[in-house]
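Structure file protein_34.cif; described as mmCIF, C-alpha atoms.
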```cif
data_run
#
loop_
_atom_site.label_atom_id
_atom_site.label_comp_id
_atom_site.auth_asym_id
_atom_site.auth_seq_id
_atom_site.Cartn_x
_atom_site.Cartn_y
_atom_site.Cartn_z
CA MET L 1 99.64 109.32 117.58
CA ILE L 2 98.36 111.57 114.79
CA LEU L 3 96.96 109.71 111.78
CA VAL L 4 97.19 111.57 108.46
CA VAL L 5 95.44 110.07 105.43
CA GLY L 6 95.42 111.51 101.94
CA ASP L 7 97.28 112.82 98.97
CA LEU L 8 100.85 111.96 98.00
CA VAL L 9 102.33 113.88 95.05
CA ASP L 10 105.44 114.61 93.03
CA ASP L 11 105.70 118.42 92.84
CA ILE L 12 107.38 119.81 89.74
CA GLY L 13 108.28 123.44 90.35
CA VAL L 14 109.01 125.64 87.35
CA ARG L 15 110.78 128.97 87.99
CA PRO L 16 111.49 131.03 84.85
CA LEU L 17 114.96 132.60 84.97
CA GLY L 18 114.04 135.38 82.59
CA THR L 19 111.16 136.84 80.63
CA VAL L 20 108.62 134.19 79.66
CA ASN L 21 108.51 133.66 75.90
CA PRO L 22 104.99 132.49 74.97
CA ALA L 23 104.91 129.71 72.35
CA SER L 24 108.70 129.43 72.53
CA ASP L 25 111.52 128.47 74.93
CA THR L 26 112.08 130.03 78.35
CA VAL L 27 115.20 129.16 80.35
CA SER L 28 113.98 127.91 83.75
CA GLU L 29 114.93 126.16 86.95
CA ILE L 30 112.84 122.98 87.17
CA ARG L 31 112.93 120.68 90.19
CA MET L 32 110.87 117.68 91.31
CA THR L 33 110.28 117.38 95.05
CA ALA L 34 108.06 115.15 97.17
CA GLY L 35 104.72 116.74 97.98
CA GLY L 36 101.02 116.26 98.52
CA SER L 37 99.18 118.27 101.16
CA ALA L 38 98.52 115.35 103.52
CA ALA L 39 102.00 113.86 103.09
CA ASN L 40 103.56 117.29 103.67
CA VAL L 41 101.67 117.65 106.96
CA ALA L 42 102.92 114.22 108.02
CA ALA L 43 106.51 115.12 107.11
CA TRP L 44 106.42 118.34 109.12
CA LEU L 45 104.77 116.59 112.08
CA GLY L 46 107.54 114.00 112.10
CA HIS L 47 110.19 116.70 111.73
CA LEU L 48 108.71 118.50 114.74
CA GLY L 49 108.88 115.36 116.86
CA ALA L 50 105.21 114.35 116.86
CA ASN L 51 104.20 110.70 116.67
CA VAL L 52 102.63 110.47 113.22
CA ARG L 53 101.37 107.79 110.86
CA PHE L 54 100.63 108.43 107.18
CA VAL L 55 98.46 106.39 104.81
CA GLY L 56 98.45 107.12 101.08
CA ARG L 57 98.82 105.72 97.60
CA CYS L 58 101.23 106.32 94.72
CA GLY L 59 102.40 104.62 91.55
CA ALA L 60 103.94 101.19 92.12
CA ASP L 61 107.37 102.47 91.08
CA GLY L 62 107.27 105.25 93.69
CA VAL L 63 106.47 103.29 96.85
CA ALA L 64 110.04 102.78 98.04
CA ARG L 65 111.05 106.37 97.23
CA HIS L 66 108.09 108.00 98.96
CA THR L 67 108.19 105.64 101.94
CA ALA L 68 111.88 106.41 102.51
CA ALA L 69 111.26 110.15 102.13
CA LEU L 70 108.66 110.14 104.91
CA GLU L 71 110.51 107.70 107.15
CA ALA L 72 113.47 110.08 107.06
CA TYR L 73 111.29 112.47 109.11
CA GLY L 74 110.24 109.75 111.55
CA VAL L 75 106.85 109.10 109.96
CA ASP L 76 105.25 105.65 110.18
CA ALA L 77 104.49 105.54 106.44
CA ARG L 78 101.94 103.08 105.07
CA ILE L 79 102.05 103.64 101.29
CA SER L 80 100.36 101.37 98.76
CA GLY L 81 101.43 101.04 95.13
CA ASP L 82 99.03 101.39 92.20
CA SER L 83 99.79 99.16 89.21
CA ASP L 84 97.46 101.08 86.88
CA LEU L 85 97.96 104.76 87.69
CA PRO L 86 101.20 106.71 88.25
CA THR L 87 102.09 108.83 91.24
CA ALA L 88 100.08 112.04 91.33
CA THR L 89 101.83 115.07 89.86
CA ILE L 90 101.46 118.81 90.29
CA VAL L 91 103.26 121.30 88.05
CA LEU L 92 103.66 124.65 89.81
CA THR L 93 104.69 127.89 88.15
CA LEU L 94 106.78 129.86 90.63
CA ASP L 95 107.33 133.11 88.73
CA ASP L 96 104.63 134.94 90.71
CA GLU L 97 104.22 133.69 94.30
CA ALA L 98 101.18 135.91 94.84
CA ASP L 99 99.26 134.18 92.07
CA ARG L 100 100.80 130.71 91.81
CA THR L 101 99.24 128.43 89.20
CA MET L 102 99.08 124.66 89.74
CA TYR L 103 98.33 121.97 87.17
CA VAL L 104 97.09 118.86 88.97
CA ASP L 105 96.93 115.18 87.98
CA ARG L 106 95.66 113.29 91.05
CA ALA L 107 96.39 109.91 89.44
CA ALA L 108 96.94 107.16 92.08
CA ASN L 109 95.39 109.30 94.83
CA THR L 110 92.00 108.68 93.26
CA ASN L 111 92.30 104.92 93.91
CA LEU L 112 92.82 105.11 97.68
CA THR L 113 90.49 102.59 99.34
CA ALA L 114 89.91 100.89 102.68
CA ALA L 115 92.19 98.09 101.48
CA ASP L 116 95.11 100.56 101.74
CA LEU L 117 94.59 100.96 105.49
CA PRO L 118 96.31 98.20 107.49
CA ALA L 119 94.40 96.58 110.34
CA ASP L 120 96.58 98.31 112.93
CA VAL L 121 96.33 101.78 111.42
CA TRP L 122 94.28 103.05 114.38
CA ASP L 123 96.68 101.77 117.06
CA SER L 124 97.34 104.56 119.61
CA VAL L 125 95.70 107.21 117.40
CA THR L 126 94.32 110.23 119.27
CA TRP L 127 93.94 112.60 116.31
CA LEU L 128 92.98 112.30 112.61
CA HIS L 129 93.99 114.88 109.99
CA LEU L 130 92.53 115.00 106.47
CA THR L 131 92.69 117.39 103.54
CA GLY L 132 89.89 118.55 101.29
CA TYR L 133 91.43 116.91 98.23
CA SER L 134 90.30 113.49 99.47
CA PHE L 135 86.72 114.72 99.80
CA PHE L 136 86.63 116.02 96.21
CA ASP L 137 87.13 112.54 94.69
CA ASP L 138 83.85 110.63 94.44
CA GLY L 139 85.65 107.31 94.92
CA VAL L 140 87.71 108.40 97.93
CA ARG L 141 85.06 110.44 99.76
CA PRO L 142 83.23 107.45 101.35
CA LEU L 143 86.56 106.26 102.76
CA VAL L 144 87.47 109.53 104.45
CA GLN L 145 83.93 110.07 105.70
CA GLY L 146 84.18 106.62 107.25
CA LEU L 147 87.48 107.61 108.85
CA VAL L 148 85.86 110.66 110.43
CA ALA L 149 83.06 108.48 111.79
CA GLU L 150 85.58 106.01 113.20
CA ALA L 151 87.58 108.81 114.82
CA ARG L 152 84.38 110.07 116.44
CA ARG L 153 83.63 106.56 117.69
CA ARG L 154 87.11 106.34 119.18
CA ARG L 155 86.86 109.86 120.63
CA ALA L 156 89.86 110.97 118.60
CA GLY L 157 90.09 114.57 117.44
CA VAL L 158 89.55 115.46 113.78
CA SER L 159 91.01 118.29 111.71
CA ILE L 160 90.44 119.09 108.03
CA ASP L 161 92.22 121.51 105.72
CA PRO L 162 89.71 122.54 102.97
CA SER L 163 92.72 122.79 100.61
CA SER L 164 91.55 124.32 97.32
CA LEU L 165 89.20 127.21 96.57
CA GLY L 166 88.62 126.06 92.99
CA PHE L 167 87.56 122.58 94.08
CA LEU L 168 85.45 124.01 96.93
CA GLN L 169 83.55 126.25 94.52
CA SER L 170 82.93 123.32 92.17
CA ALA L 171 81.54 121.20 95.04
CA GLY L 172 79.34 123.98 96.42
CA ARG L 173 79.29 125.61 99.84
CA GLU L 174 76.51 123.57 101.44
CA THR L 175 78.08 120.30 100.32
CA VAL L 176 81.47 121.27 101.74
CA LEU L 177 79.97 122.44 105.03
CA ALA L 178 78.41 118.98 105.42
CA TRP L 179 81.85 117.40 104.90
CA LEU L 180 83.33 119.65 107.60
CA GLU L 181 80.49 119.26 110.09
CA ASP L 182 82.22 116.75 112.41
CA ALA L 183 85.68 118.34 112.39
CA ASP L 184 87.05 119.71 115.66
CA LEU L 185 89.40 122.05 113.77
CA VAL L 186 89.20 123.47 110.24
CA PHE L 187 92.14 125.27 108.60
CA PRO L 188 90.83 127.57 105.82
CA ASN L 189 92.92 130.31 104.27
CA ASP L 190 91.47 133.77 103.59
CA ASP L 191 90.05 132.87 100.17
CA GLU L 192 88.52 129.61 101.39
CA GLN L 193 86.99 131.31 104.41
CA GLY L 194 85.59 134.02 102.16
CA PHE L 195 83.70 131.31 100.30
CA LEU L 196 82.77 129.04 103.23
CA ALA L 197 82.05 131.71 105.89
CA LEU L 198 82.76 129.22 108.68
CA GLU L 199 81.81 130.21 112.21
CA GLY L 200 82.77 129.06 115.68
CA ASP L 201 85.86 128.44 117.75
CA ARG L 202 87.06 125.54 115.60
CA VAL L 203 88.20 127.80 112.73
CA VAL L 204 91.96 128.29 112.47
CA LEU L 205 92.24 131.02 109.82
CA THR L 206 95.56 131.08 107.97
CA ARG L 207 96.35 134.37 106.27
CA GLY L 208 99.72 133.89 104.61
CA ALA L 209 102.01 136.85 105.23
CA LYS L 210 99.36 138.32 107.58
CA GLY L 211 99.69 135.41 110.02
CA ALA L 212 96.85 133.41 111.56
CA VAL L 213 93.80 133.87 113.78
CA PHE L 214 92.25 131.43 116.26
CA ARG L 215 89.83 131.96 119.14
CA GLY L 216 90.56 135.67 119.44
CA HIS L 217 94.33 135.26 119.16
CA ASP L 218 95.78 137.10 116.15
CA LEU L 219 99.39 136.11 115.51
CA PRO L 220 101.39 137.83 112.76
CA ALA L 221 103.60 135.78 110.46
CA LEU L 222 107.19 135.51 111.60
CA PRO L 223 109.73 137.49 109.56
CA THR L 224 111.73 135.32 107.17
CA GLY L 225 113.22 135.34 103.70
CA VAL L 226 110.69 133.90 101.24
CA VAL L 227 112.07 131.42 98.71
CA ASP L 228 109.01 129.28 97.94
CA THR L 229 105.55 129.42 99.52
CA THR L 230 104.64 125.88 98.40
CA GLY L 231 103.46 123.87 101.41
CA ALA L 232 103.41 126.79 103.85
CA GLY L 233 99.83 126.01 104.85
CA ASP L 234 100.68 122.35 105.35
CA ALA L 235 103.63 123.27 107.55
CA PHE L 236 101.43 125.61 109.59
CA CYS L 237 98.83 122.84 110.11
CA ALA L 238 101.54 120.48 111.29
CA GLY L 239 103.12 122.98 113.64
CA PHE L 240 99.72 123.88 115.09
CA LEU L 241 98.67 120.23 115.59
CA ALA L 242 102.01 119.18 117.05
CA ALA L 243 101.43 121.66 119.86
CA TRP L 244 97.64 121.39 120.07
CA VAL L 245 97.56 117.66 120.81
CA VAL L 246 99.85 118.26 123.81
CA ASP L 247 97.89 120.85 125.79
CA ALA L 248 95.30 122.53 123.49
CA ASP L 249 96.78 125.97 124.18
CA PRO L 250 95.66 128.33 121.35
CA GLU L 251 98.54 130.77 121.57
CA ARG L 252 101.20 128.07 121.80
CA ALA L 253 99.67 126.19 118.87
CA LEU L 254 99.55 129.34 116.73
CA THR L 255 103.18 130.12 117.53
CA SER L 256 104.24 126.57 116.67
CA GLY L 257 102.36 126.79 113.38
CA ALA L 258 103.90 130.15 112.52
CA ARG L 259 107.41 128.83 113.17
CA ALA L 260 106.87 125.84 110.91
CA ALA L 261 105.40 128.00 108.13
CA ALA L 262 108.34 130.41 108.36
CA ALA L 263 110.79 127.53 108.08
CA CYS L 264 108.88 126.17 105.06
CA VAL L 265 108.82 129.33 102.95
CA ALA L 266 112.54 129.89 103.53
CA VAL L 267 113.49 126.83 101.44
CA ARG L 268 112.60 125.32 98.07
CA GLY L 269 109.90 122.64 98.20
CA ALA L 270 107.09 121.85 100.60
CA ARG L 271 108.93 119.80 103.22
CA PRO L 272 111.64 120.37 105.85
CA LEU L 273 115.27 120.20 104.82
#
```

Could you render the structure from this file as structure tokens?
Amino acid sequence: MILVVGDLVDDIGVRPLGTVNPASDTVSEIRMTAGGSAANVAAWLGHLGANVRFVGRCGADGVARHTAALEAYGVDARISGDSDLPTATIVLTLDDEADRTMYVDRAANTNLTAADLPADVWDSVTWLHLTGYSFFDDGVRPLVQGLVAEARRRRAGVSIDPSSLGFLQSAGRETVLAWLEDADLVFPNDDEQGFLALEGDRVVLTRGAKGAVFRGHDLPALPTGVVDTTGAGDAFCAGFLAAWVVDADPERALTSGARAAAACVAVRGARPL
């Protein structure tokens, strides 16, 4: 069982259908889809047939919707409702995929506490996956650091996706390196690795259209039609982990990650169809 704990979000994607008119109206395609880096990883893991459990928090009015969305992929979803804060929201501008801008309101994610983890959450767990977003919140960080310590105690593997260059830079390199110290696998992209300069055989470097690199294996991205790159890194993480927890074969894990990422960018939204 892979335990994924972290962010749950409503993604609002905005794709202008013509020239953007500053300070006026621009005809656009706007869609809301379920998202959140950690929840996306859980969805792709379930879609790929892995045993996966997700723990997260959203607005009270979104619990049933988000639980059903994850259960549809076979995820054991443990989602708590927040009566004070709404479900987290990200607004993404999709007019330029090479330089996508995201406006983030973490909302209910910032109130995730130990009380949101049921007593049986660790049952059969052999791997824990976390995202950097949980480490950036002062209130959530002690929880996820405690989860890493518990995984170590149980001899479960740990992986962390650093998640956001802007947040990493705000936290500072040395601080982030301390957060990542006990992870068995770290999934930085090119920009994040450029800042963190991680070393060792635990680094799974994701490079977008250039593919991924791990332990001397350099795998190019699989050819596919690109519709939306949102969640591609999450899909890659899931594909990699789904294979890695079976036999820890680097090449097979990279291939599985590349396939999931290719499937993700070929559709709108961050999760499998």

| Which residue gives the smallest distance to His47 (chain L) among L:Val158, L:Val267, L:Leu254, L:Ala260, with all atoms listed in the file counted? | L:Ala260

| Which of these residues is nearest to Gly35 (chain L), using all atoms listed in the file: L:Asp61, L:Asp7, L:Glu174, L:Asp161? | L:Asp7

Specify as a PDB file with C-alpha atoms, keeping the file's coordinate frame each residue included when the PyMOL selection byres ((chain L and resi 133-147) around 8) is applied to this file.
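Okay, selection-v4.pdb is ready:
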```
ATOM      1  CA  GLY L   6      95.420 111.510 101.940  1.00  0.00           C
ATOM      2  CA  ASP L   7      97.280 112.820  98.970  1.00  0.00           C
ATOM      3  CA  THR L 110      92.000 108.680  93.260  1.00  0.00           C
ATOM      4  CA  ASN L 111      92.300 104.920  93.910  1.00  0.00           C
ATOM      5  CA  LEU L 112      92.820 105.110  97.680  1.00  0.00           C
ATOM      6  CA  THR L 113      90.490 102.590  99.340  1.00  0.00           C
ATOM      7  CA  ALA L 114      89.910 100.890 102.680  1.00  0.00           C
ATOM      8  CA  LEU L 130      92.530 115.000 106.470  1.00  0.00           C
ATOM      9  CA  THR L 131      92.690 117.390 103.540  1.00  0.00           C
ATOM     10  CA  GLY L 132      89.890 118.550 101.290  1.00  0.00           C
ATOM     11  CA  VAL L 148      85.860 110.660 110.430  1.00  0.00           C
ATOM     12  CA  ALA L 149      83.060 108.480 111.790  1.00  0.00           C
ATOM     13  CA  GLU L 150      85.580 106.010 113.200  1.00  0.00           C
ATOM     14  CA  ALA L 151      87.580 108.810 114.820  1.00  0.00           C
ATOM     15  CA  PRO L 162      89.710 122.540 102.970  1.00  0.00           C
ATOM     16  CA  SER L 163      92.720 122.790 100.610  1.00  0.00           C
ATOM     17  CA  SER L 164      91.550 124.320  97.320  1.00  0.00           C
ATOM     18  CA  PHE L 167      87.560 122.580  94.080  1.00  0.00           C
ATOM     19  CA  ALA L 171      81.540 121.200  95.040  1.00  0.00           C
ATOM     20  CA  TRP L 179      81.850 117.400 104.900  1.00  0.00           C
TER      21      TRP L 179
END
```

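Distance check against Tyr73 (chain L) using all atoms listed in the file: of L:Arg271, L:Val125, L:Val245, L:Val104, the minimum falls on L:Arg271.
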
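Candidate residues L:Leu92, L:Val121, L:Leu205, L:Val27 were compared for distance to Val14 (chain L), and the nearest is L:Leu92, using all atoms listed in the file.
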
For the structure provided, state which residues fall under the PyMOL selection byres ((chain L and resi 108) around 10), and present them as a JSON list (two decimals) with C-alpha atoms, in the frame of the given file.
```json
[["chain", "number", "residue", "atom", "x", "y", "z"],
["L", 7, "ASP", "CA", 97.28, 112.82, 98.97],
["L", 8, "LEU", "CA", 100.85, 111.96, 98.00],
["L", 9, "VAL", "CA", 102.33, 113.88, 95.05],
["L", 56, "GLY", "CA", 98.45, 107.12, 101.08],
["L", 57, "ARG", "CA", 98.82, 105.72, 97.60],
["L", 58, "CYS", "CA", 101.23, 106.32, 94.72],
["L", 59, "GLY", "CA", 102.40, 104.62, 91.55],
["L", 60, "ALA", "CA", 103.94, 101.19, 92.12],
["L", 80, "SER", "CA", 100.36, 101.37, 98.76],
["L", 81, "GLY", "CA", 101.43, 101.04, 95.13],
["L", 82, "ASP", "CA", 99.03, 101.39, 92.20],
["L", 83, "SER", "CA", 99.79, 99.16, 89.21],
["L", 84, "ASP", "CA", 97.46, 101.08, 86.88],
["L", 85, "LEU", "CA", 97.96, 104.76, 87.69],
["L", 86, "PRO", "CA", 101.20, 106.71, 88.25],
["L", 87, "THR", "CA", 102.09, 108.83, 91.24],
["L", 88, "ALA", "CA", 100.08, 112.04, 91.33],
["L", 89, "THR", "CA", 101.83, 115.07, 89.86],
["L", 105, "ASP", "CA", 96.93, 115.18, 87.98],
["L", 106, "ARG", "CA", 95.66, 113.29, 91.05],
["L", 107, "ALA", "CA", 96.39, 109.91, 89.44],
["L", 109, "ASN", "CA", 95.39, 109.30, 94.83],
["L", 110, "THR", "CA", 92.00, 108.68, 93.26],
["L", 111, "ASN", "CA", 92.30, 104.92, 93.91],
["L", 112, "LEU", "CA", 92.82, 105.11, 97.68]]
```

Can you list what the PyMOL selection byres ((chain L and resi 269) around 10) grabs from this structure, as a JSON list (two decimals) with C-alpha atoms, in the coordinates of the input?
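For reference, out.json as written:
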```json
[["chain", "number", "residue", "atom", "x", "y", "z"],
["L", 11, "ASP", "CA", 105.70, 118.42, 92.84],
["L", 12, "ILE", "CA", 107.38, 119.81, 89.74],
["L", 13, "GLY", "CA", 108.28, 123.44, 90.35],
["L", 31, "ARG", "CA", 112.93, 120.68, 90.19],
["L", 32, "MET", "CA", 110.87, 117.68, 91.31],
["L", 33, "THR", "CA", 110.28, 117.38, 95.05],
["L", 34, "ALA", "CA", 108.06, 115.15, 97.17],
["L", 35, "GLY", "CA", 104.72, 116.74, 97.98],
["L", 40, "ASN", "CA", 103.56, 117.29, 103.67],
["L", 227, "VAL", "CA", 112.07, 131.42, 98.71],
["L", 228, "ASP", "CA", 109.01, 129.28, 97.94],
["L", 229, "THR", "CA", 105.55, 129.42, 99.52],
["L", 230, "THR", "CA", 104.64, 125.88, 98.40],
["L", 231, "GLY", "CA", 103.46, 123.87, 101.41],
["L", 232, "ALA", "CA", 103.41, 126.79, 103.85],
["L", 264, "CYS", "CA", 108.88, 126.17, 105.06],
["L", 265, "VAL", "CA", 108.82, 129.33, 102.95],
["L", 266, "ALA", "CA", 112.54, 129.89, 103.53],
["L", 267, "VAL", "CA", 113.49, 126.83, 101.44],
["L", 268, "ARG", "CA", 112.60, 125.32, 98.07],
["L", 270, "ALA", "CA", 107.09, 121.85, 100.60],
["L", 271, "ARG", "CA", 108.93, 119.80, 103.22],
["L", 272, "PRO", "CA", 111.64, 120.37, 105.85],
["L", 273, "LEU", "CA", 115.27, 120.20, 104.82]]
```

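When only C-alpha atoms are used to measure the gap to Asp218 (chain L), the shortest distance among L:Ala38, L:Met1, L:Val204, L:Leu48 belongs to L:Val204.
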
| task | Can you pull out every residue within 7 Å of Pro16 (chain L), counting all atoms listed in the file, but drop anything in the same chain fewer than 5 positions away, and send it as a PyMOL selection string? | result | chain L and resi 26-29+95

Generate the output file for the selected residues, C-alpha atoms, as a CSV table (one decimal), in the frame of the given file.
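See part37.csv below for the written result:
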```
chain,number,residue,atom,x,y,z
L,26,THR,CA,112.1,130.0,78.4
L,27,VAL,CA,115.2,129.2,80.4
L,28,SER,CA,114.0,127.9,83.8
L,29,GLU,CA,114.9,126.2,87.0
L,95,ASP,CA,107.3,133.1,88.7
```
